[in-house]
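Reproduced below: run16.pdb, with PDB, C-alpha atoms and all ligand atoms.
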```pdb
ATOM      1  CA  MET A   1      -8.316  12.250   5.778
ATOM      2  CA  ILE A   2      -4.682  11.654   6.655
ATOM      3  CA  THR A   3      -2.581  14.486   8.060
ATOM      4  CA  VAL A   4       1.146  13.913   8.355
ATOM      5  CA  ASN A   5       3.236  16.659   9.911
ATOM      6  CA  GLY A   6       7.017  16.663   9.886
ATOM      7  CA  ILE A   7       7.629  12.985  10.646
ATOM      8  CA  HIS A   8      11.141  11.702  11.147
ATOM      9  CA  VAL A   9      12.213   8.053  11.330
ATOM     10  CA  THR A  10      15.763   6.855  12.061
ATOM     11  CA  PHE A  11      16.750   3.188  12.018
ATOM     12  CA  GLY A  12      19.696   1.825  13.991
ATOM     13  CA  ARG A  13      20.394   5.071  15.802
ATOM     14  CA  GLY A  14      23.908   5.215  17.213
ATOM     15  CA  THR A  15      25.085   2.213  15.172
ATOM     16  CA  PRO A  16      27.304   2.198  12.080
ATOM     17  CA  LEU A  17      24.155   1.437  10.048
ATOM     18  CA  GLU A  18      22.185   4.425  11.313
ATOM     19  CA  LYS A  19      19.735   5.535   8.623
ATOM     20  CA  HIS A  20      17.637   8.670   8.756
ATOM     21  CA  ALA A  21      14.914   7.207   6.510
ATOM     22  CA  LEU A  22      12.260   9.940   6.808
ATOM     23  CA  ARG A  23      13.397  13.535   7.207
ATOM     24  CA  GLY A  24      10.402  15.711   7.923
ATOM     25  CA  VAL A  25       7.619  14.381   5.707
ATOM     26  CA  ASP A  26       4.484  16.562   5.497
ATOM     27  CA  LEU A  27       1.450  15.343   3.574
ATOM     28  CA  THR A  28      -2.277  15.916   3.816
ATOM     29  CA  ILE A  29      -4.445  13.457   1.931
ATOM     30  CA  PRO A  30      -8.159  14.251   1.700
ATOM     31  CA  GLU A  31     -10.674  11.461   2.171
ATOM     32  CA  GLY A  32     -11.025   9.288  -0.916
ATOM     33  CA  GLN A  33      -7.890  10.537  -2.666
ATOM     34  CA  PHE A  34      -5.710   7.964  -4.456
ATOM     35  CA  VAL A  35      -2.011   8.890  -4.244
ATOM     36  CA  THR A  36       0.734   7.088  -6.146
ATOM     37  CA  VAL A  37       4.161   7.126  -4.477
ATOM     38  CA  ILE A  38       7.413   6.863  -6.425
ATOM     39  CA  GLY A  39      11.090   7.199  -5.582
ATOM     40  CA  SER A  40      14.390   5.396  -6.016
ATOM     41  CA  ASN A  41      15.484   2.413  -3.928
ATOM     42  CA  GLY A  42      15.872   3.405  -0.308
ATOM     43  CA  ALA A  43      13.967   6.694  -0.745
ATOM     44  CA  GLY A  44      11.754   5.864   2.246
ATOM     45  CA  LYS A  45       8.552   4.746   0.490
ATOM     46  CA  SER A  46       7.992   1.558   2.508
ATOM     47  CA  THR A  47       9.045   3.310   5.699
ATOM     48  CA  PHE A  48       6.423   5.968   5.029
ATOM     49  CA  LEU A  49       3.709   3.344   4.523
ATOM     50  CA  GLY A  50       4.974   1.559   7.649
ATOM     51  CA  ALA A  51       4.677   4.810   9.591
ATOM     52  CA  LEU A  52       1.065   5.201   8.432
ATOM     53  CA  ALA A  53       0.260   1.583   9.329
ATOM     54  CA  GLY A  54       1.987   1.741  12.724
ATOM     55  CA  ASP A  55       4.756  -0.789  11.976
ATOM     56  CA  VAL A  56       7.215   2.059  12.319
ATOM     57  CA  ILE A  57       6.688   4.673  15.020
ATOM     58  CA  ALA A  58       7.847   8.161  14.040
ATOM     59  CA  GLU A  59      10.344   9.625  16.507
ATOM     60  CA  SER A  60       8.993  13.131  15.939
ATOM     61  CA  GLY A  61       6.203  14.804  14.043
ATOM     62  CA  SER A  62       2.592  13.631  14.004
ATOM     63  CA  ILE A  63       0.130  11.496  12.079
ATOM     64  CA  ALA A  64      -3.617  12.031  12.359
ATOM     65  CA  ILE A  65      -6.378   9.980  10.780
ATOM     66  CA  ASP A  66      -9.712  11.768  10.541
ATOM     67  CA  GLY A  67      -8.538  14.208  13.198
ATOM     68  CA  THR A  68      -7.405  11.536  15.698
ATOM     69  CA  ASP A  69      -3.718  11.598  16.573
ATOM     70  CA  VAL A  70      -2.460   8.051  15.942
ATOM     71  CA  THR A  71       1.272   8.864  16.032
ATOM     72  CA  ARG A  72       1.966   6.561  18.984
ATOM     73  CA  TRP A  73      -0.568   3.881  18.084
ATOM     74  CA  ALA A  74       0.984   0.515  17.221
ATOM     75  CA  THR A  75      -0.247  -1.556  14.266
ATOM     76  CA  PRO A  76      -2.978  -3.577  16.073
ATOM     77  CA  LYS A  77      -4.594  -0.380  17.345
ATOM     78  CA  ARG A  78      -4.655   1.073  13.809
ATOM     79  CA  ALA A  79      -5.824  -2.189  12.228
ATOM     80  CA  SER A  80      -9.463  -1.181  11.915
ATOM     81  CA  LEU A  81      -8.442   2.102  10.247
ATOM     82  CA  VAL A  82      -5.696   0.995   7.877
ATOM     83  CA  ALA A  83      -5.437  -2.013   5.540
ATOM     84  CA  ARG A  84      -2.264  -2.961   3.696
ATOM     85  CA  VAL A  85      -1.367  -5.129   0.715
ATOM     86  CA  PHE A  86       2.269  -6.073   0.203
ATOM     87  CA  GLN A  87       4.389  -7.078  -2.788
ATOM     88  CA  ASP A  88       4.648 -10.598  -1.434
ATOM     89  CA  PRO A  89       1.136 -12.082  -1.281
ATOM     90  CA  MET A  90       2.341 -14.465   1.433
ATOM     91  CA  VAL A  91       2.855 -11.547   3.828
ATOM     92  CA  GLY A  92      -0.738 -10.400   4.015
ATOM     93  CA  SER A  93      -2.448 -13.773   4.256
ATOM     94  CA  CYS A  94      -2.017 -17.131   5.943
ATOM     95  CA  THR A  95      -1.111 -19.777   3.362
ATOM     96  CA  ALA A  96      -2.011 -22.703   5.627
ATOM     97  CA  LEU A  97      -5.595 -21.484   6.127
ATOM     98  CA  THR A  98      -8.409 -21.682   3.591
ATOM     99  CA  ILE A  99      -9.547 -18.690   1.544
ATOM    100  CA  GLU A 100     -12.704 -18.542   3.646
ATOM    101  CA  GLU A 101     -10.745 -18.613   6.927
ATOM    102  CA  ASN A 102      -8.455 -15.859   5.664
ATOM    103  CA  MET A 103     -11.505 -13.778   4.783
ATOM    104  CA  ALA A 104     -12.983 -14.362   8.249
ATOM    105  CA  LEU A 105      -9.743 -13.240   9.890
ATOM    106  CA  ALA A 106      -9.584 -10.168   7.654
ATOM    107  CA  ALA A 107     -13.168  -9.261   8.533
ATOM    108  CA  ALA A 108     -12.325  -9.541  12.263
ATOM    109  CA  ARG A 109      -9.237  -7.322  11.964
ATOM    110  CA  GLY A 110      -9.053  -4.625  14.607
ATOM    111  CA  ARG A 111     -11.776  -6.185  16.764
ATOM    112  CA  LYS A 112     -10.769  -7.012  20.320
ATOM    113  CA  ARG A 113     -12.476 -10.370  20.569
ATOM    114  CA  GLY A 114     -12.591 -11.416  16.957
ATOM    115  CA  LEU A 115     -14.657 -14.522  16.344
ATOM    116  CA  GLY A 116     -12.424 -15.110  13.382
ATOM    117  CA  PHE A 117     -13.452 -18.659  12.654
ATOM    118  CA  ALA A 118     -17.124 -18.425  13.649
ATOM    119  CA  LEU A 119     -18.582 -18.708  10.176
ATOM    120  CA  SER A 120     -22.352 -18.575  10.156
ATOM    121  CA  GLY A 121     -24.293 -19.406   6.999
ATOM    122  CA  ASP A 122     -24.906 -15.708   6.386
ATOM    123  CA  ARG A 123     -21.226 -14.835   6.592
ATOM    124  CA  ARG A 124     -20.330 -17.714   4.310
ATOM    125  CA  ARG A 125     -22.830 -16.457   1.739
ATOM    126  CA  HIS A 126     -21.490 -12.919   2.137
ATOM    127  CA  PHE A 127     -17.910 -14.080   1.511
ATOM    128  CA  ARG A 128     -19.023 -16.186  -1.462
ATOM    129  CA  ASP A 129     -20.835 -13.199  -2.993
ATOM    130  CA  ARG A 130     -17.910 -10.867  -2.430
ATOM    131  CA  ILE A 131     -15.336 -13.229  -3.881
ATOM    132  CA  ALA A 132     -17.557 -13.975  -6.878
ATOM    133  CA  GLU A 133     -17.299 -10.253  -7.745
ATOM    134  CA  LEU A 134     -13.623 -10.803  -8.557
ATOM    135  CA  GLY A 135     -14.699 -12.832 -11.595
ATOM    136  CA  LEU A 136     -11.995 -15.450 -10.994
ATOM    137  CA  GLY A 137     -14.231 -18.398 -10.091
ATOM    138  CA  LEU A 138     -12.822 -18.450  -6.554
ATOM    139  CA  GLU A 139     -16.310 -18.745  -5.070
ATOM    140  CA  ASN A 140     -15.975 -22.446  -5.860
ATOM    141  CA  ARG A 141     -12.651 -22.704  -4.055
ATOM    142  CA  LEU A 142     -13.431 -21.177  -0.667
ATOM    143  CA  HIS A 143     -12.164 -24.295   1.114
ATOM    144  CA  ASP A 144      -8.851 -24.387  -0.745
ATOM    145  CA  ARG A 145      -5.787 -23.322   1.175
ATOM    146  CA  MET A 146      -4.627 -19.815   0.283
ATOM    147  CA  GLY A 147      -1.194 -21.251  -0.545
ATOM    148  CA  LEU A 148      -2.677 -23.074  -3.541
ATOM    149  CA  LEU A 149      -3.615 -19.849  -5.352
ATOM    150  CA  SER A 150      -1.484 -18.171  -8.001
ATOM    151  CA  GLY A 151       0.227 -14.859  -7.176
ATOM    152  CA  GLY A 152      -2.420 -12.876  -9.062
ATOM    153  CA  GLN A 153      -5.301 -14.722  -7.409
ATOM    154  CA  ARG A 154      -3.751 -14.142  -3.985
ATOM    155  CA  GLN A 155      -3.299 -10.410  -4.623
ATOM    156  CA  ALA A 156      -6.917 -10.176  -5.811
ATOM    157  CA  VAL A 157      -8.118 -11.928  -2.641
ATOM    158  CA  SER A 158      -5.768  -9.762  -0.519
ATOM    159  CA  LEU A 159      -7.336  -6.625  -2.015
ATOM    160  CA  LEU A 160     -10.786  -7.948  -1.248
ATOM    161  CA  MET A 161      -9.698  -8.871   2.289
ATOM    162  CA  ALA A 162      -8.457  -5.306   2.771
ATOM    163  CA  THR A 163     -12.056  -4.082   2.434
ATOM    164  CA  LEU A 164     -13.748  -6.586   4.747
ATOM    165  CA  ALA A 165     -13.101  -4.870   8.100
ATOM    166  CA  GLY A 166     -14.374  -1.523   6.807
ATOM    167  CA  SER A 167     -11.013   0.323   6.944
ATOM    168  CA  LYS A 168     -11.108   3.534   4.967
ATOM    169  CA  ILE A 169      -7.366   3.687   4.256
ATOM    170  CA  LEU A 170      -5.606   1.319   1.865
ATOM    171  CA  LEU A 171      -1.816   1.097   1.629
ATOM    172  CA  LEU A 172      -0.408  -0.753  -1.382
ATOM    173  CA  ASP A 173       3.316  -1.477  -1.251
ATOM    174  CA  GLU A 174       4.326  -2.476  -4.790
ATOM    175  CA  HIS A 175       1.484  -4.976  -4.722
ATOM    176  CA  THR A 176       1.822  -5.847  -8.426
ATOM    177  CA  ALA A 177       5.637  -5.880  -8.677
ATOM    178  CA  ALA A 178       5.930  -9.671  -8.436
ATOM    179  CA  LEU A 179       3.281 -10.342 -11.099
ATOM    180  CA  ASP A 180       3.620 -10.804 -14.863
ATOM    181  CA  PRO A 181       2.462  -7.736 -16.871
ATOM    182  CA  GLY A 182      -0.966  -9.122 -17.804
ATOM    183  CA  THR A 183      -1.754 -10.201 -14.263
ATOM    184  CA  ALA A 184      -0.435  -6.896 -12.895
ATOM    185  CA  GLU A 185      -2.801  -5.060 -15.261
ATOM    186  CA  PHE A 186      -5.738  -7.132 -14.003
ATOM    187  CA  VAL A 187      -4.856  -6.522 -10.342
ATOM    188  CA  LEU A 188      -4.409  -2.781 -10.998
ATOM    189  CA  GLY A 189      -7.816  -2.593 -12.673
ATOM    190  CA  LEU A 190      -9.313  -4.401  -9.718
ATOM    191  CA  THR A 191      -7.500  -2.016  -7.373
ATOM    192  CA  ARG A 192      -9.025   0.976  -9.134
ATOM    193  CA  ARG A 193     -12.506  -0.558  -8.901
ATOM    194  CA  ILE A 194     -12.205  -1.518  -5.225
ATOM    195  CA  VAL A 195     -10.832   1.925  -4.308
ATOM    196  CA  GLN A 196     -13.697   3.675  -6.107
ATOM    197  CA  GLU A 197     -16.468   1.405  -4.837
ATOM    198  CA  ASN A 198     -15.310   1.643  -1.231
ATOM    199  CA  ARG A 199     -14.204   5.310  -1.468
ATOM    200  CA  LEU A 200     -10.854   4.388   0.050
ATOM    201  CA  THR A 201      -8.107   6.881   0.778
ATOM    202  CA  THR A 202      -5.223   5.111  -0.940
ATOM    203  CA  LEU A 203      -1.430   5.258  -1.189
ATOM    204  CA  MET A 204       0.143   3.016  -3.814
ATOM    205  CA  VAL A 205       3.925   2.620  -4.008
ATOM    206  CA  THR A 206       5.155   1.717  -7.470
ATOM    207  CA  HIS A 207       8.446   1.635  -9.363
ATOM    208  CA  SER A 208       6.589   2.122 -12.640
ATOM    209  CA  MET A 209       6.282   5.748 -13.747
ATOM    210  CA  ARG A 210       3.518   4.718 -16.142
ATOM    211  CA  GLN A 211       1.441   3.221 -13.325
ATOM    212  CA  ALA A 212       2.183   6.247 -11.156
ATOM    213  CA  LEU A 213       0.616   8.552 -13.752
ATOM    214  CA  ASP A 214      -2.149   6.246 -15.014
ATOM    215  CA  TYR A 215      -3.638   5.394 -11.628
ATOM    216  CA  GLY A 216      -4.957   7.639  -8.903
ATOM    217  CA  ASP A 217      -5.375  11.400  -8.594
ATOM    218  CA  ARG A 218      -2.029  12.564  -7.284
ATOM    219  CA  THR A 219       1.635  11.515  -7.443
ATOM    220  CA  VAL A 220       4.300  12.174  -4.831
ATOM    221  CA  MET A 221       8.001  11.435  -5.229
ATOM    222  CA  LEU A 222      10.178  10.675  -2.230
ATOM    223  CA  HIS A 223      13.914  11.155  -2.332
ATOM    224  CA  GLU A 224      16.256  10.535   0.589
ATOM    225  CA  GLY A 225      13.408  10.685   3.070
ATOM    226  CA  ARG A 226      11.769  13.854   1.768
ATOM    227  CA  ILE A 227       8.898  14.621  -0.586
ATOM    228  CA  VAL A 228      10.483  16.299  -3.592
ATOM    229  CA  LEU A 229       7.523  16.299  -5.975
ATOM    230  CA  ASP A 230       3.784  16.482  -5.345
ATOM    231  CA  VAL A 231       1.568  16.791  -8.417
ATOM    232  CA  SER A 232      -2.156  16.539  -9.026
ATOM    233  CA  GLY A 233      -4.872  18.006 -11.226
ATOM    234  CA  GLU A 234      -3.927  19.685 -14.494
ATOM    235  CA  GLN A 235      -0.234  19.755 -13.666
ATOM    236  CA  ARG A 236      -0.248  15.970 -13.317
ATOM    237  CA  ALA A 237      -2.461  15.464 -16.349
ATOM    238  CA  GLY A 238       0.136  17.353 -18.371
ATOM    239  CA  LEU A 239       2.983  15.081 -17.260
ATOM    240  CA  ASP A 240       4.138  12.166 -19.368
ATOM    241  CA  VAL A 241       6.557   9.378 -18.510
ATOM    242  CA  PRO A 242       9.674  11.011 -20.074
ATOM    243  CA  HIS A 243       8.950  14.197 -18.145
ATOM    244  CA  LEU A 244       8.511  12.288 -14.908
ATOM    245  CA  LEU A 245      11.665  10.268 -15.592
ATOM    246  CA  ALA A 246      13.574  13.514 -16.153
ATOM    247  CA  LEU A 247      12.332  14.854 -12.803
ATOM    248  CA  PHE A 248      13.235  11.544 -11.208
ATOM    249  CA  ALA A 249      16.698  11.595 -12.780
ATOM    250  CA  ARG A 250      17.289  15.162 -11.618
ATOM    251  CA  GLN A 251      16.701  14.050  -8.030
ATOM    252  CA  ARG A 252      19.277  11.318  -8.545
ATOM    253  CA  GLY A 253      21.899  13.856  -9.542
ATOM    254  CA  GLY A 254      21.282  13.874 -13.276
ATOM    255  CA  GLU A 255      21.718  10.141 -13.799
ATOM    256  CA  GLU A 256      19.932   9.333 -17.031
ATOM    257  CA  ILE A 257      17.180   6.740 -16.997
ATOM    258  CA  ALA A 258      16.247   5.531 -20.445
ATOM    259  CA  ASP A 259      12.826   4.076 -19.875
ATOM    260  CA  ASP A 260      10.260   2.998 -17.437
ATOM    261  CA  SER A 261      11.248  -0.664 -17.505
ATOM    262  CA  LEU A 262      14.560   0.125 -15.868
ATOM    263  CA  LEU A 263      12.707   1.162 -12.784
ATOM    264  CA  ILE A 264      10.382  -1.775 -12.588
ATOM    265  CA  GLY A 265      12.735  -4.584 -11.731
TER     266      GLY A 265
HETATM  267  N1  LIG B   1      14.040  -2.029   9.619
HETATM  268  C1  LIG B   1      15.071  -1.334   9.123
HETATM  269  N2  LIG B   1      16.261  -1.303   9.756
HETATM  270  C2  LIG B   1      17.298  -0.586   9.272
HETATM  271  N3  LIG B   1      17.248   0.155   8.150
HETATM  272  C3  LIG B   1      16.085   0.147   7.467
HETATM  273  C4  LIG B   1      14.951  -0.599   7.914
HETATM  274  N4  LIG B   1      13.932  -0.401   7.028
HETATM  275  C5  LIG B   1      14.423   0.406   6.075
HETATM  276  N5  LIG B   1      15.707   0.746   6.342
HETATM  277  C6  LIG B   1      16.557   1.645   5.537
HETATM  278  O1  LIG B   1      15.846   2.870   5.399
HETATM  279  C7  LIG B   1      15.982   3.378   4.071
HETATM  280  C8  LIG B   1      14.598   3.527   3.442
HETATM  281  O2  LIG B   1      14.097   2.219   3.212
HETATM  282  P1  LIG B   1      12.683   1.960   2.530
HETATM  283  O3  LIG B   1      12.494   0.475   2.526
HETATM  284  O4  LIG B   1      11.657   2.779   3.170
HETATM  285  O5  LIG B   1      12.941   2.491   1.054
HETATM  286  P2  LIG B   1      12.042   2.308  -0.237
HETATM  287  O6  LIG B   1      11.886   3.655  -0.850
HETATM  288  O7  LIG B   1      10.788   1.578   0.085
HETATM  289  O8  LIG B   1      12.998   1.428  -1.158
HETATM  290  P3  LIG B   1      12.701   0.217  -2.172
HETATM  291  O9  LIG B   1      12.116   0.835  -3.392
HETATM  292  O10 LIG B   1      14.062  -0.351  -2.411
HETATM  293  O11 LIG B   1      11.767  -0.742  -1.494
HETATM  294  C9  LIG B   1      16.884   2.400   3.334
HETATM  295  O12 LIG B   1      18.204   2.882   3.391
HETATM  296  C10 LIG B   1      16.752   1.122   4.134
HETATM  297  O13 LIG B   1      17.927   0.336   4.036
END
```

Render the structure in this file as structure tokens.
Amino acid sequence: MITVNGIHVTFGRGTPLEKHALRGVDLTIPEGQFVTVIGSNGAGKSTFLGALAGDVIAESGSIAIDGTDVTRWATPKRASLVARVFQDPMVGSCTALTIEENMALAAARGRKRGLGFALSGDRRRHFRDRIAELGLGLENRLHDRMGLLSGGQRQAVSLLMATLAGSKILLLDEHTAALDPGTAEFVLGLTRRIVQENRLTTLMVTHSMRQALDYGDRTVMLHEGRIVLDVSGEQRAGLDVPHLLALFARQRGGEEIADDSLLIG
């Protein structure tokens, strides 16, 4: 369970580029809930995920994970609790290391004295079995450098890596935005499966209204650092893309948005 109370984040305070990116965000996410997060450019979506991961420390308000106040905890201290997959697959993995080495590092995340590279036969078999579940044949490429994989393969491995240290929270920051539509669909299906199998509490940022409604249990919209829409259950089930686009447009001062694709790129 994640409990966020009134967090504020300001970048560049006192400079000409001062930006009040989060302006009192409140959100309680029960364990195992899958929340999709939408909002226009600069709405504060990535900042919000950064605040949950510890990359950004909120200047006021509080963040608790399973009842523990983590507001002042930096990223390494939260690493065993929170896993993150980024839009750029290069960000979450080390391209110069092999797939197997990346998996070992991911499994050691959050441990003080991680024996990241100590790969016993049992661990090797475990990694091979886990990666075989992706159905991409990567179990035969464990010694290939991560940098040799395609974008879709890397995102699939990154999702798997996010589960290896046992974190119960998964943050997805437009993790399919750089992929072609077919590959994005595959990675989204895999995301849904991994979230369900591991009962992960998940936040997924997307620019696609369709994805926002098709995946997960709840959708929140951020606008200028505030949550302006929070729908779940029957209310969400009754929403379609045009309706969501109209709500989105209203927040942008009535600017008309013709279709979903305009928001993707
Ligand atoms: N490290 C930073 N330093 C200064 N300003 C920042 C920083 N990170 C974000 N901002 C600013 O804070 C605001 C919110 O940015 P954020 O990246 O959270 O938006 P977003 O909703 O994720 O947008 P996008 O969809 O374009 O990725 C923007 O105006 C952005 O320029």

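When all atoms listed in the file are used to measure the gap to Ile169 of chain A, the shortest distance among A:Gly44, A:Pro181, A:Gly216, A:Pro30 belongs to A:Pro30.
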
Report as a PyMOL selection string which protein, DNA and RNA residues come within 10 Å of ligand LIG 1 (chain B), using only C-alpha atoms and all ligand atoms. chain A and resi 9-13+17-22+37-51+55-56+87+173-174+205-207+221-225+263-265

Do you know which residues the PyMOL selection byres (((chain A and resi 179) around 12) and not hetatm) returns on this file, as a list in words?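 Residues picked by the PyMOL selection byres (((chain A and resi 179) around 12) and not hetatm): Gln87, Asp88, Pro89, Ser150, Gly151, Gly152, Gln153, Arg154, Gln155, Ala156, Glu174, His175, Thr176, Ala177, Ala178, Asp180, Pro181, Gly182, Thr183, Ala184, Glu185, Phe186, Val187, Leu188, Ile264 and Gly265 of chain A.
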
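Using only C-alpha atoms, the nearest neighbour of Arg123 of chain A within the list A:Gly238, A:Ala108, A:Ser62, A:Val35 is A:Ala108.
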
Enumerate, in order of chain and increasing residue number, the residues of segment 11-89 of chain A with an atom no farther than 10 Å from segment 189-203 of chain A, each with its shortest atom pair and distance in Å to one decimal, counting all atoms listed in the file, as CSV.
```
residue,atom,partner,partner_atom,distance
A:Ile29,CA,A:Thr201,CA,7.6
A:Pro30,CA,A:Thr201,CA,7.4
A:Glu31,CA,A:Thr201,CA,5.4
A:Gly32,CA,A:Thr201,CA,4.1
A:Gln33,CA,A:Thr201,CA,5.0
A:Phe34,CA,A:Thr202,CA,4.6
A:Val35,CA,A:Leu203,CA,4.8
A:Thr36,CA,A:Leu203,CA,5.7
A:Val37,CA,A:Leu203,CA,6.7
A:Leu49,CA,A:Leu203,CA,7.9
A:Leu52,CA,A:Leu203,CA,9.9
A:Val82,CA,A:Thr201,CA,9.5
A:Ala83,CA,A:Thr202,CA,9.6
A:Arg84,CA,A:Leu203,CA,9.6
```

Here's the selection I'm unsure about, the PyMOL selection byres (((chain A and resi 142-147) around 7) and not hetatm); applied to the file above, which residues does it give, as a CSV table (one decimal) with C-alpha atoms, in the frame of the given file?
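What landed in expr_37.csv:
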```
chain,number,residue,atom,x,y,z
A,94,CYS,CA,-2.0,-17.1,5.9
A,95,THR,CA,-1.1,-19.8,3.4
A,96,ALA,CA,-2.0,-22.7,5.6
A,97,LEU,CA,-5.6,-21.5,6.1
A,98,THR,CA,-8.4,-21.7,3.6
A,99,ILE,CA,-9.5,-18.7,1.5
A,100,GLU,CA,-12.7,-18.5,3.6
A,138,LEU,CA,-12.8,-18.4,-6.6
A,139,GLU,CA,-16.3,-18.7,-5.1
A,140,ASN,CA,-16.0,-22.4,-5.9
A,141,ARG,CA,-12.7,-22.7,-4.1
A,148,LEU,CA,-2.7,-23.1,-3.5
A,149,LEU,CA,-3.6,-19.8,-5.4
```

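For the pair atom CA of Gly233 of chain A and atom CA of Thr3 of chain A, the separation is 19.7 Å.
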
Pick out the residues sitting within 9 Å of segment 164-167 of chain A, and hand them over as an mmCIF file with C-alpha atoms, in the coordinates of the input; count only C-alpha atoms, and ignore anything fewer than 3 positions along from it in its own chain.
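Written output follows (result.cif):
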```cif
data_model
loop_
_atom_site.group_PDB
_atom_site.id
_atom_site.type_symbol
_atom_site.label_atom_id
_atom_site.label_comp_id
_atom_site.auth_asym_id
_atom_site.auth_seq_id
_atom_site.Cartn_x
_atom_site.Cartn_y
_atom_site.Cartn_z
ATOM 1 C CA ALA A 79 -5.824 -2.189 12.228
ATOM 2 C CA SER A 80 -9.463 -1.181 11.915
ATOM 3 C CA LEU A 81 -8.442 2.102 10.247
ATOM 4 C CA VAL A 82 -5.696 0.995 7.877
ATOM 5 C CA ALA A 83 -5.437 -2.013 5.540
ATOM 6 C CA MET A 103 -11.505 -13.778 4.783
ATOM 7 C CA ALA A 104 -12.983 -14.362 8.249
ATOM 8 C CA ALA A 106 -9.584 -10.168 7.654
ATOM 9 C CA ALA A 107 -13.168 -9.261 8.533
ATOM 10 C CA ALA A 108 -12.325 -9.541 12.263
ATOM 11 C CA ARG A 109 -9.237 -7.322 11.964
ATOM 12 C CA GLY A 110 -9.053 -4.625 14.607
ATOM 13 C CA ARG A 111 -11.776 -6.185 16.764
ATOM 14 C CA LEU A 160 -10.786 -7.948 -1.248
ATOM 15 C CA MET A 161 -9.698 -8.871 2.289
ATOM 16 C CA LEU A 170 -5.606 1.319 1.865
ATOM 17 C CA ASN A 198 -15.310 1.643 -1.231
ATOM 18 C CA LEU A 200 -10.854 4.388 0.050
#
```

Could you tell me which of A:Ser60, A:Asn5, A:Thr219, A:Ser208 comes closest to Ala237 of chain A if we count all atoms listed in the file? A:Thr219

Interatomic distance between atom CA of Gly121 of chain A and atom CA of Gly92 of chain A? 25.4 Å

Which value, in Å to one decimal, gives the distance between atom CA of Leu213 of chain A and atom CA of Thr163 of chain A?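 Atom CA of Leu213 of chain A sits 24.1 Å away from atom CA of Thr163 of chain A.
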
Padding 5 Å on every side, please: axis-aligned box over the listed atoms of segment 185-202 of chain A, centre and edge lengths to one decimal in Å, as JSON.
```
{"center_x": -9.6, "center_y": -0.1, "center_z": -7.2, "size_x": 23.7, "size_y": 24.0, "size_z": 26.0}
```

When the PyMOL selection byres (((chain A and resi 72) around 9) and not hetatm) is applied to the structure above, which residues does it catch, written out as a PyMOL selection string? chain A and resi 54+57-58+62-63+69-71+73-74

I need segment 54-65 of chain A from the structure I supplied, saved as a CSV table (one decimal), in the first residue's frame with N, CA and C atoms retained.
```csv
chain,number,residue,atom,x,y,z
A,54,GLY,N,12.2,7.9,-4.9
A,54,GLY,CA,13.3,8.5,-4.1
A,54,GLY,C,14.3,9.3,-4.9
A,55,ASP,N,14.1,9.4,-6.2
A,55,ASP,CA,15.0,10.2,-7.0
A,55,ASP,C,14.8,11.7,-6.7
A,56,VAL,N,13.5,12.0,-6.4
A,56,VAL,CA,13.1,13.3,-6.1
A,56,VAL,C,12.6,13.3,-4.7
A,57,ILE,N,13.1,14.2,-3.8
A,57,ILE,CA,12.7,14.2,-2.4
A,57,ILE,C,11.6,15.3,-2.3
A,58,ALA,N,10.4,15.0,-1.8
A,58,ALA,CA,9.4,16.0,-1.7
A,58,ALA,C,9.8,17.0,-0.6
A,59,GLU,N,9.5,18.3,-0.9
A,59,GLU,CA,9.9,19.3,0.1
A,59,GLU,C,8.9,19.4,1.3
A,60,SER,N,7.6,18.9,1.0
A,60,SER,CA,6.7,18.8,2.1
A,60,SER,C,5.7,17.8,1.7
A,61,GLY,N,4.9,17.4,2.7
A,61,GLY,CA,4.0,16.2,2.5
A,61,GLY,C,4.7,14.9,2.9
A,62,SER,N,4.0,13.8,2.7
A,62,SER,CA,4.6,12.5,3.1
A,62,SER,C,4.3,11.4,2.2
A,63,ILE,N,5.2,10.4,2.2
A,63,ILE,CA,5.0,9.2,1.4
A,63,ILE,C,5.3,8.0,2.3
A,64,ALA,N,4.3,7.1,2.4
A,64,ALA,CA,4.5,5.9,3.2
A,64,ALA,C,4.3,4.7,2.3
A,65,ILE,N,5.1,3.7,2.6
A,65,ILE,CA,5.0,2.4,1.9
A,65,ILE,C,4.7,1.4,2.9
```
